[in-house]
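Participant: Provided below: model04.txt, containing compact mmCIF, N, CA and C atoms.
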# COMPACT_ATOMS: atom_id res chain seq x y z
N GLN A 257 13.48 52.11 -35.25
CA GLN A 257 13.65 52.16 -36.70
C GLN A 257 14.23 53.52 -37.09
N VAL A 258 15.16 53.49 -38.04
CA VAL A 258 15.82 54.70 -38.50
C VAL A 258 15.56 54.86 -40.00
N ARG A 259 15.21 56.05 -40.40
CA ARG A 259 15.00 56.33 -41.82
C ARG A 259 16.09 57.31 -42.25
N LEU A 260 16.71 57.01 -43.39
CA LEU A 260 17.76 57.86 -43.93
C LEU A 260 17.30 58.45 -45.26
N VAL A 261 17.42 59.75 -45.39
CA VAL A 261 17.04 60.43 -46.63
C VAL A 261 18.29 61.08 -47.20
N GLU A 262 18.69 60.62 -48.39
CA GLU A 262 19.89 61.12 -49.05
C GLU A 262 19.51 62.10 -50.15
N SER A 263 20.40 63.03 -50.41
CA SER A 263 20.19 63.97 -51.50
C SER A 263 21.53 64.49 -51.99
N GLY A 264 21.53 65.05 -53.20
CA GLY A 264 22.71 65.72 -53.70
C GLY A 264 23.44 65.04 -54.83
N GLY A 265 23.03 63.85 -55.21
CA GLY A 265 23.70 63.18 -56.32
C GLY A 265 23.37 63.83 -57.65
N GLY A 266 24.04 63.35 -58.71
CA GLY A 266 23.76 63.89 -60.03
C GLY A 266 24.90 63.66 -60.98
N LEU A 267 24.84 64.39 -62.09
CA LEU A 267 25.85 64.30 -63.14
C LEU A 267 26.77 65.51 -63.05
N VAL A 268 28.06 65.27 -63.10
CA VAL A 268 29.03 66.35 -63.01
C VAL A 268 30.21 66.03 -63.91
N ARG A 269 30.84 67.07 -64.42
CA ARG A 269 32.02 66.87 -65.27
C ARG A 269 33.25 66.57 -64.43
N PRO A 270 34.23 65.90 -65.00
CA PRO A 270 35.48 65.68 -64.27
C PRO A 270 36.06 66.99 -63.77
N GLY A 271 36.53 66.95 -62.53
CA GLY A 271 37.05 68.16 -61.90
C GLY A 271 36.01 68.95 -61.14
N GLY A 272 34.76 68.59 -61.30
CA GLY A 272 33.68 69.30 -60.65
C GLY A 272 33.46 68.85 -59.22
N SER A 273 32.41 69.41 -58.60
CA SER A 273 32.12 69.14 -57.20
C SER A 273 30.65 68.80 -57.01
N LEU A 274 30.40 68.01 -55.99
CA LEU A 274 29.05 67.70 -55.54
C LEU A 274 29.04 67.60 -54.03
N ARG A 275 27.89 67.86 -53.44
CA ARG A 275 27.74 67.72 -52.00
C ARG A 275 26.55 66.81 -51.72
N LEU A 276 26.83 65.72 -51.02
CA LEU A 276 25.77 64.79 -50.63
C LEU A 276 25.35 65.08 -49.19
N SER A 277 24.07 64.89 -48.94
CA SER A 277 23.54 65.05 -47.59
C SER A 277 22.74 63.81 -47.21
N CYS A 278 22.72 63.49 -45.95
CA CYS A 278 21.94 62.35 -45.46
C CYS A 278 21.42 62.70 -44.07
N GLU A 279 20.10 62.71 -43.95
CA GLU A 279 19.48 63.01 -42.67
C GLU A 279 18.84 61.75 -42.10
N ALA A 280 19.14 61.49 -40.85
CA ALA A 280 18.56 60.35 -40.15
C ALA A 280 17.40 60.81 -39.29
N SER A 281 16.31 60.06 -39.36
CA SER A 281 15.15 60.36 -38.51
C SER A 281 14.56 59.05 -38.02
N GLY A 282 13.72 59.17 -36.99
CA GLY A 282 13.08 57.97 -36.47
C GLY A 282 13.36 57.79 -35.00
N SER A 283 13.20 56.56 -34.57
CA SER A 283 13.33 56.25 -33.16
C SER A 283 14.68 55.59 -32.90
N PHE A 284 15.57 56.32 -32.30
CA PHE A 284 16.86 55.76 -31.92
C PHE A 284 17.41 56.58 -30.76
N LEU A 285 18.27 55.94 -30.00
CA LEU A 285 18.78 56.62 -28.81
C LEU A 285 19.94 57.54 -29.14
N ARG A 286 20.90 56.99 -29.85
CA ARG A 286 22.10 57.77 -30.09
C ARG A 286 22.84 57.20 -31.28
N ILE A 287 23.36 58.07 -32.11
CA ILE A 287 24.13 57.65 -33.28
C ILE A 287 25.60 57.60 -32.93
N LYS A 288 26.23 56.50 -33.28
CA LYS A 288 27.65 56.34 -33.01
C LYS A 288 28.49 56.90 -34.16
N ALA A 289 28.09 56.60 -35.38
CA ALA A 289 28.86 57.04 -36.54
C ALA A 289 27.94 57.14 -37.74
N MET A 290 28.32 58.00 -38.65
CA MET A 290 27.62 58.13 -39.93
C MET A 290 28.66 58.14 -41.03
N GLY A 291 28.30 57.56 -42.14
CA GLY A 291 29.30 57.50 -43.21
C GLY A 291 28.70 57.29 -44.57
N TRP A 292 29.57 57.26 -45.55
CA TRP A 292 29.20 57.07 -46.94
C TRP A 292 29.98 55.90 -47.53
N TYR A 293 29.28 55.08 -48.26
CA TYR A 293 29.86 53.98 -49.02
C TYR A 293 29.45 54.17 -50.47
N ARG A 294 30.14 53.48 -51.36
CA ARG A 294 29.75 53.56 -52.76
C ARG A 294 29.92 52.19 -53.41
N GLN A 295 29.14 52.02 -54.47
CA GLN A 295 29.21 50.77 -55.22
C GLN A 295 29.11 51.09 -56.70
N ALA A 296 30.17 50.77 -57.41
CA ALA A 296 30.20 50.94 -58.86
C ALA A 296 29.72 49.65 -59.52
N PRO A 297 29.25 49.72 -60.74
CA PRO A 297 28.77 48.51 -61.43
C PRO A 297 29.84 47.42 -61.46
N GLY A 298 29.46 46.23 -61.05
CA GLY A 298 30.37 45.11 -61.09
C GLY A 298 31.40 45.07 -59.97
N LYS A 299 31.30 46.01 -59.03
CA LYS A 299 32.27 46.07 -57.94
C LYS A 299 31.57 45.95 -56.60
N GLN A 300 32.35 45.63 -55.58
CA GLN A 300 31.80 45.53 -54.24
C GLN A 300 31.60 46.91 -53.63
N ARG A 301 30.68 46.99 -52.70
CA ARG A 301 30.47 48.24 -51.98
C ARG A 301 31.71 48.51 -51.13
N GLU A 302 32.13 49.78 -51.14
CA GLU A 302 33.34 50.13 -50.40
C GLU A 302 33.10 51.38 -49.56
N LEU A 303 33.85 51.48 -48.48
CA LEU A 303 33.78 52.66 -47.64
C LEU A 303 34.41 53.85 -48.36
N VAL A 304 33.73 54.99 -48.29
CA VAL A 304 34.28 56.23 -48.82
C VAL A 304 34.80 57.09 -47.67
N ALA A 305 33.93 57.34 -46.69
CA ALA A 305 34.31 58.17 -45.56
C ALA A 305 33.34 57.91 -44.42
N ILE A 306 33.85 58.08 -43.20
CA ILE A 306 33.02 57.86 -42.03
C ILE A 306 33.42 58.87 -40.96
N ILE A 307 32.45 59.28 -40.14
CA ILE A 307 32.73 60.23 -39.08
C ILE A 307 31.96 59.79 -37.83
N THR A 308 32.64 59.82 -36.69
CA THR A 308 32.01 59.42 -35.44
C THR A 308 31.30 60.61 -34.80
N SER A 309 30.55 60.32 -33.76
CA SER A 309 29.85 61.39 -33.06
C SER A 309 30.84 62.37 -32.42
N GLY A 310 32.04 61.91 -32.16
CA GLY A 310 33.06 62.78 -31.59
C GLY A 310 33.82 63.58 -32.62
N GLY A 311 33.55 63.31 -33.90
CA GLY A 311 34.19 64.09 -34.96
C GLY A 311 35.39 63.43 -35.60
N THR A 312 35.74 62.25 -35.19
CA THR A 312 36.86 61.54 -35.81
C THR A 312 36.42 61.01 -37.18
N SER A 313 37.23 61.26 -38.20
CA SER A 313 36.87 60.84 -39.55
C SER A 313 37.93 59.93 -40.15
N ASN A 314 37.50 59.17 -41.13
CA ASN A 314 38.39 58.26 -41.83
C ASN A 314 37.96 58.22 -43.29
N PHE A 315 38.93 58.13 -44.18
CA PHE A 315 38.65 58.19 -45.61
C PHE A 315 39.32 57.04 -46.36
N ALA A 316 38.70 56.64 -47.45
CA ALA A 316 39.37 55.73 -48.36
C ALA A 316 40.56 56.45 -48.98
N ASP A 317 41.63 55.72 -49.24
CA ASP A 317 42.83 56.34 -49.82
C ASP A 317 42.52 57.03 -51.14
N SER A 318 41.59 56.49 -51.89
CA SER A 318 41.29 57.02 -53.22
C SER A 318 40.63 58.39 -53.19
N VAL A 319 40.11 58.81 -52.04
CA VAL A 319 39.41 60.09 -51.97
C VAL A 319 40.10 61.08 -51.03
N LYS A 320 41.14 60.67 -50.36
CA LYS A 320 41.84 61.57 -49.44
C LYS A 320 42.34 62.81 -50.18
N GLY A 321 42.11 63.95 -49.55
CA GLY A 321 42.53 65.21 -50.16
C GLY A 321 41.51 65.79 -51.11
N ARG A 322 40.50 65.01 -51.50
CA ARG A 322 39.47 65.50 -52.42
C ARG A 322 38.09 65.56 -51.76
N PHE A 323 37.82 64.64 -50.87
CA PHE A 323 36.51 64.58 -50.21
C PHE A 323 36.65 64.99 -48.74
N THR A 324 35.64 65.64 -48.23
CA THR A 324 35.56 65.92 -46.79
C THR A 324 34.20 65.46 -46.28
N ILE A 325 34.18 65.06 -45.02
CA ILE A 325 32.95 64.62 -44.39
C ILE A 325 32.71 65.46 -43.15
N SER A 326 31.46 65.80 -42.92
CA SER A 326 31.11 66.58 -41.74
C SER A 326 29.72 66.15 -41.28
N ARG A 327 29.39 66.50 -40.06
CA ARG A 327 28.07 66.14 -39.56
C ARG A 327 27.55 67.20 -38.63
N ASP A 328 26.24 67.29 -38.60
CA ASP A 328 25.52 68.17 -37.68
C ASP A 328 24.78 67.25 -36.72
N ASN A 329 25.32 67.10 -35.53
CA ASN A 329 24.74 66.16 -34.57
C ASN A 329 23.32 66.56 -34.16
N ALA A 330 23.08 67.85 -34.09
CA ALA A 330 21.75 68.31 -33.69
C ALA A 330 20.69 67.94 -34.72
N LYS A 331 21.10 67.87 -35.99
CA LYS A 331 20.17 67.54 -37.08
C LYS A 331 20.30 66.09 -37.52
N ASN A 332 21.20 65.35 -36.88
CA ASN A 332 21.45 63.95 -37.30
C ASN A 332 21.69 63.87 -38.81
N THR A 333 22.50 64.77 -39.29
CA THR A 333 22.78 64.86 -40.72
C THR A 333 24.27 64.77 -40.97
N VAL A 334 24.62 64.04 -42.02
CA VAL A 334 26.01 63.92 -42.43
C VAL A 334 26.12 64.44 -43.86
N TYR A 335 27.25 65.09 -44.14
CA TYR A 335 27.50 65.68 -45.45
C TYR A 335 28.79 65.11 -46.02
N LEU A 336 28.81 64.94 -47.33
CA LEU A 336 30.02 64.53 -48.03
C LEU A 336 30.28 65.54 -49.13
N GLN A 337 31.32 66.34 -48.95
CA GLN A 337 31.73 67.30 -49.97
C GLN A 337 32.75 66.62 -50.87
N MET A 338 32.42 66.53 -52.15
CA MET A 338 33.28 65.84 -53.10
C MET A 338 33.82 66.84 -54.11
N ASN A 339 35.12 67.05 -54.10
CA ASN A 339 35.78 67.97 -55.02
C ASN A 339 36.70 67.20 -55.96
N SER A 340 37.10 67.86 -57.03
CA SER A 340 38.01 67.26 -58.01
C SER A 340 37.55 65.87 -58.41
N LEU A 341 36.29 65.77 -58.73
CA LEU A 341 35.72 64.46 -59.05
C LEU A 341 36.32 63.86 -60.31
N LYS A 342 36.45 62.54 -60.29
CA LYS A 342 37.03 61.80 -61.40
C LYS A 342 36.00 60.80 -61.93
N PRO A 343 36.16 60.37 -63.16
CA PRO A 343 35.21 59.37 -63.69
C PRO A 343 35.13 58.11 -62.82
N GLU A 344 36.25 57.75 -62.20
CA GLU A 344 36.24 56.55 -61.35
C GLU A 344 35.48 56.74 -60.05
N ASP A 345 35.03 57.96 -59.77
CA ASP A 345 34.16 58.19 -58.62
C ASP A 345 32.70 57.86 -58.94
N THR A 346 32.42 57.57 -60.18
CA THR A 346 31.05 57.23 -60.57
C THR A 346 30.57 55.97 -59.84
N ALA A 347 29.44 56.09 -59.17
CA ALA A 347 28.91 54.98 -58.38
C ALA A 347 27.58 55.40 -57.76
N VAL A 348 26.92 54.43 -57.17
CA VAL A 348 25.80 54.75 -56.28
C VAL A 348 26.38 54.94 -54.89
N TYR A 349 26.08 56.06 -54.29
CA TYR A 349 26.59 56.39 -52.97
C TYR A 349 25.50 56.13 -51.92
N TYR A 350 25.87 55.38 -50.91
CA TYR A 350 24.94 55.00 -49.85
C TYR A 350 25.36 55.61 -48.53
N CYS A 351 24.39 56.16 -47.83
CA CYS A 351 24.61 56.64 -46.48
C CYS A 351 24.40 55.48 -45.51
N LYS A 352 25.22 55.41 -44.50
CA LYS A 352 25.04 54.40 -43.45
C LYS A 352 25.14 55.07 -42.09
N THR A 353 24.21 54.71 -41.24
CA THR A 353 24.20 55.22 -39.88
C THR A 353 24.29 54.06 -38.90
N ASP A 354 25.22 54.16 -37.98
CA ASP A 354 25.40 53.14 -36.97
C ASP A 354 24.98 53.68 -35.61
N THR A 355 24.01 53.02 -34.99
CA THR A 355 23.73 53.31 -33.60
C THR A 355 24.62 52.38 -32.78
N TYR A 356 24.40 52.30 -31.50
CA TYR A 356 25.22 51.41 -30.68
C TYR A 356 24.70 49.97 -30.70
N THR A 357 23.63 49.75 -31.47
CA THR A 357 23.09 48.39 -31.58
C THR A 357 22.95 47.91 -33.02
N LEU A 358 22.59 48.79 -33.93
CA LEU A 358 22.31 48.39 -35.30
C LEU A 358 22.86 49.39 -36.30
N GLY A 359 22.99 48.92 -37.56
CA GLY A 359 23.36 49.81 -38.65
C GLY A 359 22.23 49.92 -39.65
N TYR A 360 22.09 51.09 -40.27
CA TYR A 360 21.00 51.34 -41.21
C TYR A 360 21.56 51.94 -42.49
N TRP A 361 20.97 51.52 -43.61
CA TRP A 361 21.40 52.00 -44.91
C TRP A 361 20.34 52.88 -45.56
N GLY A 362 20.82 53.88 -46.30
CA GLY A 362 19.93 54.67 -47.12
C GLY A 362 19.68 53.96 -48.44
N GLN A 363 18.84 54.56 -49.28
CA GLN A 363 18.45 53.92 -50.53
C GLN A 363 19.47 54.14 -51.64
N GLY A 364 20.40 55.05 -51.44
CA GLY A 364 21.44 55.30 -52.43
C GLY A 364 21.12 56.47 -53.34
N THR A 365 22.16 57.15 -53.77
CA THR A 365 22.02 58.25 -54.72
C THR A 365 23.12 58.13 -55.77
N GLN A 366 22.74 58.30 -57.02
CA GLN A 366 23.68 58.09 -58.12
C GLN A 366 24.56 59.32 -58.30
N VAL A 367 25.86 59.07 -58.41
CA VAL A 367 26.83 60.10 -58.78
C VAL A 367 27.51 59.65 -60.05
N THR A 368 27.42 60.48 -61.08
CA THR A 368 28.04 60.17 -62.36
C THR A 368 28.99 61.28 -62.74
N VAL A 369 30.23 60.92 -62.98
CA VAL A 369 31.25 61.89 -63.39
C VAL A 369 31.63 61.58 -64.83
N SER A 370 31.26 62.48 -65.71
CA SER A 370 31.47 62.24 -67.13
C SER A 370 31.48 63.55 -67.89
N SER A 371 32.28 63.58 -68.95
CA SER A 371 32.30 64.76 -69.80
C SER A 371 31.30 64.62 -70.94
Turn this file's structure into structure tokens for me.
Facilitator:
Amino acid sequence: QVRLVESGGGLVRPGGSLRLSCEASGSFLRIKAMGWYRQAPGKQRELVAIITSGGTSNFADSVKGRFTISRDNAKNTVYLQMNSLKPEDTAVYYCKTDTYTLGYWGQGTQVTVSS
């Protein structure tokens, strides 16, 4: 079983920045990838960014150049640095961790971009 604890969401003005963190704990052998998804009201959950244990990352086109993802393998923690935030970035952001057998979701953290 894997437990994910997310933090860092909140309210920010357009153009501002936020940093999300997600720490994985529990009983697992090895994490293959960690990433962030988001779901806005009335929309499907979508991938924002993902990073593998080897450091390879991938981003949604809508956040390229504004968001960065990083991870600390020793702490089983993934970070999402969000810069130049836009109102359309408003959503619940979910951390997801994939082991080599199963995937696990966090409870979500709200990010609201509004003036």
Participant: For CA of Gly310 (chain A) and atom C of Thr355 (chain A), determine how far apart the two atoms are, in Å to one decimal place.
Facilitator: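 According to the coordinates, CA of Gly310 (chain A) and atom C of Thr355 (chain A) are separated by 13.4 Å.
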Participant: Skip Leu303 (chain A) itself and residues of its chain fewer than 3 positions away, then list as a PDB file with N, CA and C atoms, keeping the file's coordinate frame all residues within 8 Å of it, counting only N, CA and C atoms.
Facilitator:
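Below is the file that was written, out.pdb:
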ATOM      1  N   GLY A 291      28.300  57.560 -42.140  1.00  0.00           N
ATOM      2  CA  GLY A 291      29.300  57.500 -43.210  1.00  0.00           C
ATOM      3  C   GLY A 291      28.700  57.290 -44.570  1.00  0.00           C
ATOM      4  N   TRP A 292      29.570  57.260 -45.550  1.00  0.00           N
ATOM      5  CA  TRP A 292      29.200  57.070 -46.940  1.00  0.00           C
ATOM      6  C   TRP A 292      29.980  55.900 -47.530  1.00  0.00           C
ATOM      7  N   TYR A 293      29.280  55.080 -48.260  1.00  0.00           N
ATOM      8  CA  TYR A 293      29.860  53.980 -49.020  1.00  0.00           C
ATOM      9  C   TYR A 293      29.450  54.170 -50.470  1.00  0.00           C
ATOM     10  N   ARG A 294      30.140  53.480 -51.360  1.00  0.00           N
ATOM     11  CA  ARG A 294      29.750  53.560 -52.760  1.00  0.00           C
ATOM     12  C   ARG A 294      29.920  52.190 -53.410  1.00  0.00           C
ATOM     13  N   GLN A 295      29.140  52.020 -54.470  1.00  0.00           N
ATOM     14  CA  GLN A 295      29.210  50.770 -55.220  1.00  0.00           C
ATOM     15  C   GLN A 295      29.110  51.090 -56.700  1.00  0.00           C
ATOM     16  N   GLN A 300      32.350  45.630 -55.580  1.00  0.00           N
ATOM     17  CA  GLN A 300      31.800  45.530 -54.240  1.00  0.00           C
ATOM     18  C   GLN A 300      31.600  46.910 -53.630  1.00  0.00           C
ATOM     19  N   ILE A 306      33.850  58.080 -43.200  1.00  0.00           N
ATOM     20  CA  ILE A 306      33.020  57.860 -42.030  1.00  0.00           C
ATOM     21  C   ILE A 306      33.420  58.870 -40.960  1.00  0.00           C
ATOM     22  N   ASN A 314      37.500  59.170 -41.130  1.00  0.00           N
ATOM     23  CA  ASN A 314      38.390  58.260 -41.830  1.00  0.00           C
ATOM     24  C   ASN A 314      37.960  58.220 -43.290  1.00  0.00           C
ATOM     25  N   PHE A 315      38.930  58.130 -44.180  1.00  0.00           N
ATOM     26  CA  PHE A 315      38.650  58.190 -45.610  1.00  0.00           C
ATOM     27  C   PHE A 315      39.320  57.040 -46.360  1.00  0.00           C
ATOM     28  N   ALA A 316      38.700  56.640 -47.450  1.00  0.00           N
ATOM     29  CA  ALA A 316      39.370  55.730 -48.360  1.00  0.00           C
ATOM     30  C   ALA A 316      40.560  56.450 -48.980  1.00  0.00           C
ATOM     31  N   ASP A 317      41.630  55.720 -49.240  1.00  0.00           N
ATOM     32  CA  ASP A 317      42.830  56.340 -49.820  1.00  0.00           C
ATOM     33  C   ASP A 317      42.520  57.030 -51.140  1.00  0.00           C
TER      34      ASP A 317
END
Participant: I'd like to know which of A:Val261, A:Gly266, A:Ser326, A:Arg286 is closest to Tyr356 (chain A), using only N, CA and C atoms.
Facilitator: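 Nearest to Tyr356 (chain A): A:Arg286.
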Participant: Give me, as JSON lines, the closest atom pair and its distance (Å, one decimal) for every residue of region 265-287 of chain A within a cut-off of 5 Å of region 327-345 of chain A, counting only N, CA and C atoms, rows sorted by chain and rising number.
Facilitator:
{"residue": "A:Pro270", "atom": "CA", "partner": "A:Leu341", "partner_atom": "C", "distance": 4.4}
{"residue": "A:Gly271", "atom": "N", "partner": "A:Leu341", "partner_atom": "C", "distance": 3.8}
{"residue": "A:Gly272", "atom": "N", "partner": "A:Leu341", "partner_atom": "N", "distance": 4.1}
{"residue": "A:Ser273", "atom": "CA", "partner": "A:Met338", "partner_atom": "C", "distance": 4.2}
{"residue": "A:Leu274", "atom": "C", "partner": "A:Met338", "partner_atom": "N", "distance": 4.0}
{"residue": "A:Arg275", "atom": "CA", "partner": "A:Leu336", "partner_atom": "C", "distance": 4.4}
{"residue": "A:Leu276", "atom": "C", "partner": "A:Leu336", "partner_atom": "N", "distance": 3.9}
{"residue": "A:Ser277", "atom": "CA", "partner": "A:Tyr335", "partner_atom": "CA", "distance": 4.5}
{"residue": "A:Cys278", "atom": "C", "partner": "A:Val334", "partner_atom": "N", "distance": 4.0}
{"residue": "A:Glu279", "atom": "CA", "partner": "A:Thr333", "partner_atom": "CA", "distance": 4.3}
{"residue": "A:Ala280", "atom": "N", "partner": "A:Asn332", "partner_atom": "C", "distance": 4.0}
Participant: If you run DSSP on the backbone, which residues of region 270-348 of chain A are helix (DSSP H, G or I), as a list in words?
Facilitator: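 Output for region 270-348 of chain A, helix (DSSP H, G or I) only: Asp317, Ser318, Val319, Pro343, Glu344 and Asp345 of chain A.
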Participant: For atom N of Val268 (chain A) and atom N of Glu302 (chain A), determine how far apart the two atoms are, in Å to one decimal place.
Facilitator: 20.0 Å
Participant: Between A:Asp354, A:Arg269, A:Ile325, A:Lys320, single out the one closest to Ile287 (chain A), counting all atoms listed in the file.
Facilitator: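 Distance minimum relative to Ile287 (chain A) lands on A:Asp354.
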Participant: Give the answer as one residue: which of A:Phe323, A:Ala296, A:Leu260, A:Gly282 has the shortest atom-to-atom distance to Val367 (chain A), using only C-alpha atoms?
Facilitator: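 Comparing A:Phe323, A:Ala296, A:Leu260, A:Gly282 against Val367 (chain A), the winner is A:Ala296.
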Participant: Could you check which of A:Ser283, A:Ser309, A:Ser370, A:Ser318 is closest to Leu267 (chain A), using only C-alpha atoms?
Facilitator: A:Ser370
Participant: Between A:Ala289, A:Val304, A:Gln257, A:Val319, which residue has the minimum interatomic distance to Tyr350 (chain A), considering only C-alpha atoms?
Facilitator: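 Closest residue, counting only C-alpha atoms: A:Val304.
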Participant: Report the distance between CA of Gln366 (chain A) and CA of Tyr349 (chain A) in Å, rounded to one decimal place.
Facilitator: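 CA of Gln366 (chain A) sits 6.2 Å away from CA of Tyr349 (chain A).
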Participant: Identify all residues of chain A in strand (DSSP E) (DSSP on the backbone) and supply them as a PyMOL selection string.
Facilitator: chain A and resi 258-263+266-268+274-282+287-295+302-308+313-315+323-328+333-338+347-355+359-361+365-369
Participant: Find the residue from A:Gly362, A:Arg301, A:Arg322, A:Thr308 that sits nearest to Lys288 (chain A); use only N, CA and C atoms when measuring.
Facilitator: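 So, comparing all the options, the nearest one is A:Thr308.
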Participant: Once 8 Å is added on each side, what are the centre and the three edge lengths, in Å to one decimal, of the axis-aligned box enclosing the listed atoms of region 326-337 of chain A? Present them as AutoDock Vina command-line options.
Facilitator:
--center_x 26.5 --center_y 66.1 --center_z -42.3 --size_x 28.6 --size_y 20.4 --size_z 33.2
Participant: Rebuild all heavy atoms on region 342-349 of chain A, as a JSON list (two decimals), in the coordinates of the input?
Facilitator:
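Just written: part-v2.json:
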[["chain", "number", "residue", "atom", "x", "y", "z"],
["A", 342, "LYS", "N", 36.45, 62.54, -60.29],
["A", 342, "LYS", "CA", 37.03, 61.80, -61.40],
["A", 342, "LYS", "C", 36.00, 60.80, -61.93],
["A", 342, "LYS", "O", 35.10, 60.38, -61.19],
["A", 342, "LYS", "CB", 38.27, 61.03, -60.91],
["A", 342, "LYS", "CG", 39.33, 61.88, -60.26],
["A", 342, "LYS", "CD", 40.45, 61.02, -59.71],
["A", 342, "LYS", "CE", 41.52, 61.85, -59.03],
["A", 342, "LYS", "NZ", 42.61, 61.01, -58.48],
["A", 343, "PRO", "N", 36.16, 60.37, -63.16],
["A", 343, "PRO", "CA", 35.21, 59.37, -63.69],
["A", 343, "PRO", "C", 35.13, 58.11, -62.82],
["A", 343, "PRO", "O", 34.05, 57.51, -62.71],
["A", 343, "PRO", "CB", 35.78, 59.06, -65.07],
["A", 343, "PRO", "CG", 36.46, 60.33, -65.48],
["A", 343, "PRO", "CD", 37.06, 60.87, -64.20],
["A", 344, "GLU", "N", 36.25, 57.75, -62.20],
["A", 344, "GLU", "CA", 36.24, 56.55, -61.35],
["A", 344, "GLU", "C", 35.48, 56.74, -60.05],
["A", 344, "GLU", "O", 35.30, 55.79, -59.29],
["A", 344, "GLU", "CB", 37.67, 56.08, -61.06],
["A", 344, "GLU", "CG", 38.60, 57.16, -60.56],
["A", 344, "GLU", "CD", 39.44, 57.76, -61.67],
["A", 344, "GLU", "OE1", 38.90, 58.06, -62.77],
["A", 344, "GLU", "OE2", 40.65, 57.97, -61.44],
["A", 345, "ASP", "N", 35.03, 57.96, -59.77],
["A", 345, "ASP", "CA", 34.16, 58.19, -58.62],
["A", 345, "ASP", "C", 32.70, 57.86, -58.94],
["A", 345, "ASP", "O", 31.85, 57.89, -58.03],
["A", 345, "ASP", "CB", 34.25, 59.65, -58.16],
["A", 345, "ASP", "CG", 35.62, 60.01, -57.63],
["A", 345, "ASP", "OD1", 36.20, 59.20, -56.87],
["A", 345, "ASP", "OD2", 36.12, 61.11, -57.97],
["A", 346, "THR", "N", 32.42, 57.57, -60.18],
["A", 346, "THR", "CA", 31.05, 57.23, -60.57],
["A", 346, "THR", "C", 30.57, 55.97, -59.84],
["A", 346, "THR", "O", 31.24, 54.94, -59.88],
["A", 346, "THR", "CB", 30.97, 57.00, -62.09],
["A", 346, "THR", "OG1", 31.26, 58.23, -62.76],
["A", 346, "THR", "CG2", 29.58, 56.53, -62.51],
["A", 347, "ALA", "N", 29.44, 56.09, -59.17],
["A", 347, "ALA", "CA", 28.91, 54.98, -58.38],
["A", 347, "ALA", "C", 27.58, 55.40, -57.76],
["A", 347, "ALA", "O", 27.22, 56.58, -57.82],
["A", 347, "ALA", "CB", 29.89, 54.58, -57.28],
["A", 348, "VAL", "N", 26.92, 54.43, -57.17],
["A", 348, "VAL", "CA", 25.80, 54.75, -56.28],
["A", 348, "VAL", "C", 26.38, 54.94, -54.89],
["A", 348, "VAL", "O", 27.11, 54.07, -54.40],
["A", 348, "VAL", "CB", 24.74, 53.63, -56.28],
["A", 348, "VAL", "CG1", 23.62, 53.97, -55.30],
["A", 348, "VAL", "CG2", 24.18, 53.42, -57.68],
["A", 349, "TYR", "N", 26.08, 56.06, -54.29],
["A", 349, "TYR", "CA", 26.59, 56.39, -52.97],
["A", 349, "TYR", "C", 25.50, 56.13, -51.92],
["A", 349, "TYR", "O", 24.36, 56.60, -52.07],
["A", 349, "TYR", "CB", 27.04, 57.85, -52.93],
["A", 349, "TYR", "CG", 28.37, 58.05, -53.61],
["A", 349, "TYR", "CD1", 28.48, 57.93, -54.99],
["A", 349, "TYR", "CD2", 29.51, 58.36, -52.88],
["A", 349, "TYR", "CE1", 29.70, 58.10, -55.62],
["A", 349, "TYR", "CE2", 30.74, 58.54, -53.51],
["A", 349, "TYR", "CZ", 30.82, 58.40, -54.87],
["A", 349, "TYR", "OH", 32.04, 58.57, -55.50]]
